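Just data-v8.cif here, mmCIF, C-alpha atoms:
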data_my_file
loop_
_atom_site.label_atom_id
_atom_site.label_comp_id
_atom_site.auth_asym_id
_atom_site.auth_seq_id
_atom_site.Cartn_x
_atom_site.Cartn_y
_atom_site.Cartn_z
CA MET A 942 -8.24 -28.55 -8.57
CA ALA A 943 -8.41 -26.33 -5.48
CA ARG A 944 -11.82 -25.29 -4.23
CA ILE A 945 -13.34 -23.04 -1.60
CA VAL A 946 -15.34 -25.14 0.84
CA GLY A 947 -16.40 -22.50 3.35
CA GLY A 948 -16.39 -18.88 4.41
CA LEU A 949 -16.42 -17.21 7.80
CA GLY A 950 -17.17 -13.63 8.86
CA LEU A 951 -15.93 -12.86 12.36
CA SER A 952 -14.58 -10.13 14.61
CA HIS A 953 -10.95 -9.77 15.67
CA VAL A 954 -11.14 -7.85 18.97
CA PRO A 955 -7.59 -7.67 20.44
CA SER A 956 -8.73 -8.37 24.02
CA VAL A 957 -9.74 -11.87 22.90
CA GLY A 958 -6.05 -12.65 22.42
CA VAL A 959 -5.23 -11.46 25.93
CA ALA A 960 -8.05 -13.51 27.42
CA TYR A 961 -7.01 -16.56 25.41
CA ASP A 962 -3.35 -16.35 26.45
CA ARG A 963 -4.27 -15.92 30.12
CA GLY A 964 -6.71 -18.83 30.16
CA LYS A 965 -9.76 -16.61 30.69
CA MET A 966 -12.03 -17.96 27.96
CA GLN A 967 -14.16 -19.85 30.51
CA THR A 968 -14.82 -16.77 32.65
CA PRO A 969 -18.33 -15.24 32.56
CA ALA A 970 -17.26 -12.41 30.25
CA TRP A 971 -15.72 -14.64 27.59
CA LYS A 972 -17.44 -18.02 27.86
CA PRO A 973 -20.46 -17.01 25.68
CA LEU A 974 -18.07 -16.06 22.89
CA TRP A 975 -15.88 -19.15 23.24
CA ASP A 976 -18.87 -21.48 23.38
CA ALA A 977 -20.33 -19.91 20.23
CA TYR A 978 -17.24 -21.04 18.34
CA GLU A 979 -17.45 -24.65 19.52
CA PRO A 980 -19.72 -25.70 16.62
CA VAL A 981 -17.50 -23.72 14.26
CA ARG A 982 -14.40 -25.59 15.40
CA ASP A 983 -16.26 -28.89 15.01
CA TRP A 984 -17.48 -27.85 11.55
CA LEU A 985 -13.94 -26.98 10.45
CA LYS A 986 -12.65 -30.31 11.73
CA ARG A 987 -15.25 -32.00 9.53
CA LEU A 988 -14.40 -29.88 6.48
CA LYS A 989 -10.65 -30.44 7.01
CA PRO A 990 -9.44 -27.40 5.05
CA ASP A 991 -5.84 -27.40 3.89
CA VAL A 992 -5.50 -23.62 3.71
CA ALA A 993 -7.19 -20.63 5.34
CA ILE A 994 -7.11 -17.33 3.45
CA VAL A 995 -7.37 -14.77 6.24
CA VAL A 996 -8.61 -11.34 5.14
CA TYR A 997 -7.65 -8.88 7.85
CA ASN A 998 -6.13 -5.47 8.49
CA ASP A 999 -2.76 -4.84 10.04
CA HIS A 1000 -2.77 -2.46 13.04
CA GLY A 1001 0.75 -1.08 12.73
CA ALA A 1002 2.81 -4.23 13.25
CA GLN A 1003 3.71 -4.72 9.58
CA PHE A 1004 2.52 -1.51 7.88
CA MET A 1005 2.50 2.07 9.12
CA PHE A 1006 0.80 5.24 7.87
CA ASP A 1007 3.79 6.22 5.75
CA GLN A 1008 3.54 2.96 3.77
CA TYR A 1009 0.09 1.36 3.96
CA PRO A 1010 -0.93 -0.71 0.90
CA THR A 1011 -4.51 -1.01 -0.26
CA PHE A 1012 -4.16 -4.79 -0.62
CA ALA A 1013 -1.18 -6.89 0.48
CA ILE A 1014 -0.70 -10.65 0.34
CA GLY A 1015 1.86 -12.96 1.90
CA VAL A 1016 3.80 -15.42 -0.27
CA ALA A 1017 6.01 -16.93 2.43
CA GLU A 1018 6.40 -20.44 3.79
CA HIS A 1019 6.16 -19.18 7.36
CA TYR A 1020 4.67 -16.12 9.11
CA PRO A 1021 6.17 -15.13 12.47
CA ILE A 1022 4.11 -13.72 15.33
CA ALA A 1023 4.50 -9.94 15.35
CA ASP A 1024 5.13 -7.91 18.50
CA GLU A 1025 2.39 -5.28 18.78
CA GLY A 1026 4.21 -3.42 21.53
CA PHE A 1027 3.46 -5.64 24.53
CA GLY A 1028 5.61 -8.67 23.72
CA THR A 1029 5.25 -11.54 21.31
CA ARG A 1030 2.29 -13.81 22.05
CA PRO A 1031 3.16 -17.42 22.97
CA LEU A 1032 1.90 -18.89 19.70
CA PRO A 1033 3.64 -21.02 17.08
CA GLU A 1034 4.47 -19.33 13.81
CA VAL A 1035 1.95 -19.86 11.06
CA ALA A 1036 2.81 -22.10 8.13
CA GLY A 1037 2.21 -20.68 4.69
CA ASP A 1038 1.99 -22.17 1.21
CA ALA A 1039 4.26 -20.09 -0.98
CA GLU A 1040 3.41 -21.94 -4.20
CA PHE A 1041 -0.33 -21.51 -3.72
CA SER A 1042 0.07 -17.89 -2.62
CA THR A 1043 2.20 -17.13 -5.68
CA HIS A 1044 -0.51 -18.58 -7.90
CA LEU A 1045 -3.10 -16.36 -6.20
CA CYS A 1046 -0.90 -13.33 -6.81
CA GLU A 1047 -0.43 -14.13 -10.48
CA SER A 1048 -4.14 -14.72 -11.00
CA LEU A 1049 -5.32 -11.67 -9.02
CA ILE A 1050 -2.86 -9.31 -10.71
CA ALA A 1051 -3.88 -10.69 -14.11
CA ASP A 1052 -7.46 -9.94 -12.96
CA GLU A 1053 -6.37 -6.28 -12.49
CA PHE A 1054 -5.96 -6.24 -8.70
CA ASP A 1055 -2.67 -4.53 -7.88
CA LEU A 1056 -1.24 -6.25 -4.80
CA THR A 1057 1.70 -5.57 -2.55
CA VAL A 1058 3.44 -8.96 -2.51
CA CYS A 1059 5.20 -9.75 0.78
CA GLN A 1060 7.88 -12.43 0.99
CA GLU A 1061 8.23 -11.63 4.69
CA MET A 1062 5.22 -10.75 6.83
CA GLY A 1063 4.57 -10.76 10.57
CA VAL A 1064 1.00 -11.43 11.68
CA GLU A 1065 -0.80 -9.76 14.59
CA HIS A 1066 -4.16 -9.83 16.37
CA GLY A 1067 -6.22 -9.00 13.29
CA PHE A 1068 -5.02 -12.30 11.87
CA LEU A 1069 -4.35 -14.31 15.04
CA VAL A 1070 -7.59 -13.81 17.01
CA PRO A 1071 -9.69 -15.44 14.26
CA MET A 1072 -7.17 -18.29 14.09
CA ASN A 1073 -7.35 -18.74 17.89
CA LEU A 1074 -11.14 -18.87 17.86
CA CYS A 1075 -11.45 -21.27 14.93
CA PHE A 1076 -8.49 -23.64 15.11
CA GLU A 1077 -6.82 -25.48 17.96
CA HIS A 1078 -3.06 -25.13 17.70
CA ARG A 1079 -0.32 -27.22 19.25
CA PRO A 1080 3.26 -26.22 20.07
CA ALA A 1081 4.30 -27.73 16.74
CA GLY A 1082 1.92 -25.53 14.78
CA TRP A 1083 -1.57 -24.97 13.40
CA PRO A 1084 -3.79 -27.54 11.65
CA VAL A 1085 -3.96 -25.45 8.45
CA ALA A 1086 -1.61 -23.44 6.33
CA ALA A 1087 -2.59 -19.81 5.84
CA VAL A 1088 -2.47 -16.99 3.33
CA PRO A 1089 -2.58 -13.50 4.90
CA LEU A 1090 -4.55 -11.08 2.73
CA GLN A 1091 -4.32 -7.61 4.23
CA VAL A 1092 -6.81 -4.83 3.39
CA ASN A 1093 -6.44 -1.14 4.16
CA VAL A 1094 -9.26 -0.02 6.45
CA ILE A 1095 -6.98 2.38 8.35
CA GLN A 1096 -5.82 5.21 6.13
CA HIS A 1097 -8.09 6.94 3.64
CA PRO A 1098 -8.75 6.56 0.78
CA LEU A 1099 -10.04 3.06 1.42
CA PRO A 1100 -11.17 0.47 -1.12
CA SER A 1101 -14.93 0.43 -1.55
CA GLY A 1102 -17.15 -2.38 -0.39
CA ARG A 1103 -17.87 -3.11 -4.04
CA ARG A 1104 -14.14 -3.38 -4.78
CA CYS A 1105 -13.70 -5.79 -1.87
CA TYR A 1106 -16.62 -7.91 -3.08
CA LYS A 1107 -15.07 -8.05 -6.55
CA LEU A 1108 -11.75 -9.01 -4.98
CA GLY A 1109 -13.53 -11.95 -3.41
CA GLN A 1110 -14.96 -12.97 -6.77
CA ALA A 1111 -11.49 -12.75 -8.33
CA LEU A 1112 -10.11 -14.75 -5.41
CA ARG A 1113 -12.59 -17.54 -6.16
CA ARG A 1114 -11.43 -17.62 -9.77
CA ALA A 1115 -7.83 -17.72 -8.61
CA VAL A 1116 -8.40 -20.59 -6.20
CA SER A 1117 -10.42 -22.59 -8.74
CA SER A 1118 -7.66 -22.30 -11.35
CA TYR A 1119 -5.03 -23.88 -9.08
CA GLU A 1120 -4.34 -27.40 -10.32
CA GLN A 1121 -3.46 -29.09 -7.03
CA ASN A 1122 -6.23 -30.49 -4.86
CA LEU A 1123 -6.67 -28.14 -1.91
CA LYS A 1124 -9.64 -27.36 0.29
CA VAL A 1125 -9.74 -23.67 1.17
CA VAL A 1126 -11.70 -21.59 3.65
CA VAL A 1127 -11.87 -17.80 3.43
CA MET A 1128 -12.08 -15.77 6.64
CA GLY A 1129 -13.31 -12.16 6.49
CA THR A 1130 -12.43 -10.45 9.77
CA GLY A 1131 -12.98 -7.19 11.65
CA GLY A 1132 -15.84 -5.15 13.01
CA MET A 1133 -18.64 -5.09 13.83
CA SER A 1134 -20.01 -1.74 15.04
CA HIS A 1135 -17.58 0.25 17.17
CA GLN A 1136 -15.87 3.61 17.47
CA LEU A 1137 -12.68 4.09 19.43
CA GLN A 1138 -12.12 7.85 19.19
CA GLY A 1139 -13.81 11.23 19.13
CA LYS A 1140 -17.10 12.35 20.65
CA ARG A 1141 -18.75 9.03 19.79
CA PHE A 1142 -16.15 6.92 21.59
CA GLY A 1143 -17.82 3.69 22.65
CA PHE A 1144 -20.63 3.95 20.11
CA MET A 1145 -22.17 0.64 19.09
CA ASN A 1146 -25.27 -0.25 17.05
CA ALA A 1147 -26.42 -3.83 17.59
CA GLU A 1148 -29.46 -3.30 15.35
CA PHE A 1149 -27.19 -2.39 12.44
CA ASP A 1150 -24.98 -5.39 13.12
CA GLN A 1151 -27.92 -7.76 12.90
CA GLU A 1152 -29.08 -6.07 9.68
CA PHE A 1153 -25.59 -6.48 8.24
CA LEU A 1154 -25.59 -10.20 9.04
CA ASP A 1155 -29.03 -10.57 7.45
CA ARG A 1156 -28.02 -8.86 4.24
CA LEU A 1157 -24.63 -10.57 4.08
CA GLU A 1158 -26.53 -13.82 3.76
CA ARG A 1159 -29.42 -12.70 1.54
CA ASP A 1160 -28.19 -9.72 -0.48
CA PRO A 1161 -24.37 -9.61 -0.38
CA ALA A 1162 -23.92 -7.73 -3.65
CA GLY A 1163 -26.42 -5.05 -2.61
CA LEU A 1164 -24.85 -4.75 0.84
CA ALA A 1165 -21.43 -4.19 -0.74
CA GLU A 1166 -22.78 -1.03 -2.38
CA MET A 1167 -23.17 0.73 0.99
CA PRO A 1168 -20.97 3.86 1.01
CA HIS A 1169 -18.31 4.20 3.68
CA GLN A 1170 -19.96 7.36 4.98
CA GLU A 1171 -23.23 5.56 5.69
CA LEU A 1172 -21.46 2.59 7.22
CA MET A 1173 -19.43 4.73 9.60
CA GLU A 1174 -22.35 7.02 10.52
CA ARG A 1175 -24.59 4.08 11.38
CA ALA A 1176 -22.04 1.77 13.00
CA GLY A 1177 -19.03 3.84 14.08
CA ALA A 1178 -15.82 4.83 12.35
CA GLU A 1179 -14.02 1.54 12.96
CA ALA A 1180 -16.97 -0.48 11.64
CA VAL A 1181 -15.57 0.20 8.17
CA GLU A 1182 -13.57 -2.97 8.85
CA LEU A 1183 -16.70 -4.79 7.72
CA ILE A 1184 -15.68 -4.26 4.10
CA MET A 1185 -13.32 -7.19 4.63
CA TRP A 1186 -16.34 -9.45 5.13
CA HIS A 1187 -17.31 -8.59 1.54
CA VAL A 1188 -14.11 -10.23 0.29
CA MET A 1189 -15.13 -13.46 2.01
CA ARG A 1190 -18.72 -13.32 0.75
CA GLY A 1191 -17.64 -12.50 -2.79
CA ALA A 1192 -15.41 -15.57 -2.78
CA LEU A 1193 -18.38 -17.89 -2.20
CA SER A 1194 -20.71 -19.31 -4.82
CA PRO A 1195 -24.38 -18.22 -5.00
CA ARG A 1196 -25.28 -21.65 -3.63
CA ALA A 1197 -23.34 -21.23 -0.38
CA CYS A 1198 -25.52 -21.97 2.67
CA ARG A 1199 -25.32 -20.42 6.11
CA VAL A 1200 -24.29 -22.95 8.75
CA HIS A 1201 -23.94 -20.91 11.95
CA ARG A 1202 -24.57 -17.39 13.22
CA HIS A 1203 -23.95 -15.67 16.54
CA TYR A 1204 -23.77 -12.17 17.96
CA TYR A 1205 -22.27 -11.02 21.26
CA ALA A 1206 -21.74 -7.48 22.55
CA PRO A 1207 -20.11 -7.55 25.99
CA MET A 1208 -18.24 -4.26 25.52
CA ALA A 1209 -18.07 -1.31 23.16
CA THR A 1210 -17.70 -3.59 20.16
CA GLY A 1211 -20.25 -5.75 18.39
CA MET A 1212 -18.71 -9.19 17.92
CA GLY A 1213 -20.39 -11.06 15.08
CA LEU A 1214 -19.94 -14.52 13.64
CA ILE A 1215 -21.40 -16.12 10.53
CA THR A 1216 -20.27 -19.18 8.59
CA PHE A 1217 -21.16 -20.50 5.15
CA GLU A 1218 -20.55 -23.89 3.61
CA ASP A 1219 -19.95 -23.71 -0.10
CA ALA A 1220 -21.11 -25.92 -2.94
CA PHE A 1221 -18.38 -26.33 -5.49
CA GLU A 1222 -19.22 -25.30 -9.03
CA ASP A 1223 -17.26 -24.16 -12.02
CA VAL A 1224 -16.34 -20.49 -12.12
#
Show me this structure written as C-alpha cells.
Amino acid sequence: MARIVGGLGLSHVPSVGVAYDRGKMQTPAWKPLWDAYEPVRDWLKRLKPDVAIVVYNDHGAQFMFDQYPTFAIGVAEHYPIADEGFGTRPLPEVAGDAEFSTHLCESLIADEFDLTVCQEMGVEHGFLVPMNLCFEHRPAGWPVAAVPLQVNVIQHPLPSGRRCYKLGQALRRAVSSYEQNLKVVVMGTGGMSHQLQGKRFGFMNAEFDQEFLDRLERDPAGLAEMPHQELMERAGAEAVELIMWHVMRGALSPRACRVHRHYYAPMATGMGLITFEDAFEDV
C-alpha cells in the first residue's frame, strides 16, 4: 500500500532558479535560504520517498489565459523542462510514474474532483525551484519520480482554500488506496506574501506570513476558510498562491508533526518553508 510520509510547504520564487543555475547559492543573498534547506535535504534522504506530488501553478509555459484549468495533473512517464522565454534550464527531465498518476486521477475524479488530465506536460519554475531546493539531481536524473498537480491561482475564478484543503484530503485517500508499496511526499508551493503589480507593487507582510505558518500547523482547516479577498488584502495579490499549501496540509493525517520551519525575506517576496513528517494511519 502506498502512503504519504511527509509534506512540505515552500516558496517557488523564479530568481532562485537563476541563482542555482549560475552557482550563486553560496553568495550572501542566497546562502541563508540554501542553508535552511540543508536539514530538509537530509530529512528527505532519510525518508527516501519514491514519489513527490508537486502542487504548483504554471506561469504560462503549459497553460495560458485562454485555456487555464482549475486543476490539472500529469500522467506521463517523463516531464520535459519547459522554456519560460529565456531558454531551457540545464536540468534533466523529470521522471514520472504514469501508473500511479493514472490511479490518482481515477480516485480523485471518483471523489468528484474534475481534473484536466495531461499525457504531455512541460514543467517550469513553479515546479522546478522546489525540486532544486529539496533534491540533489544528477545528469542522469532526479532521486524521485514526480506527479505534477497544477492549481489555478492565476485567472479568476479561483478554487477556494477550502476546496484545495478537500483536494488534499481526497489525495490522501487516493494515495492510500494504491496497492503498490510507495512512499510519497506532497509539496505545496508558492507564496508567501507578495504583490507584483499595481499601486502596491512590492508589498510584503512578514507578520501575516508567520501567522499563516502558525495556523497551518495548528489550525489548518480553519486557515483554509480564509476568503481570497482577505488573503490578498493582507498579503498581496500574488499571495493567493498560498491556497496550494492547503492541498499539502489536507493530504496529511491529524498526527503529522512539524519537523522544520524557516522564513526568509530578502526581497519583495516572503519565502517560507515548513515540513511535516506524517504518521501512517488508515483513511
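This file gives the following result for the PyMOL selection byres ((chain A and resi 1064) around 9): A:Asp999, A:Ala1002, A:Gln1003, A:Tyr1020, A:Pro1021, A:Ile1022, A:Ala1023, A:Asp1024, A:Glu1034, A:Val1035, A:Met1062, A:Gly1063, A:Glu1065, A:His1066, A:Gly1067, A:Phe1068, A:Leu1069, A:Pro1089.
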Top pick for closest residue to Met1185 (chain A), considering A:Arg1199, A:Arg1030, A:His1097, A:Arg1104 and counting only C-alpha atoms: A:Arg1104
How big is the axis-aligned box around the listed atoms of region 1185-1198 of chain A once 5 Å is added on each side, and where is its centre? Give both in Å to one decimal, as AutoDock Vina command-line options.
--center_x -19.4 --center_y -14.6 --center_z 0.1 --size_x 22.2 --size_y 24.8 --size_z 20.1
Option closest in space to Thr1216 (chain A), from A:Gly1191, A:Gly1129, A:Gly950, A:Asp1160 [counting all atoms listed in the file]: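 Comparing A:Gly1191, A:Gly1129, A:Gly950, A:Asp1160 against Thr1216 (chain A), the winner is A:Gly950.
With distances restricted to only C-alpha atoms, A:His953 is the closest residue to Val995 (chain A) from A:Arg1079, A:His953, A:Arg1141, A:His1135.
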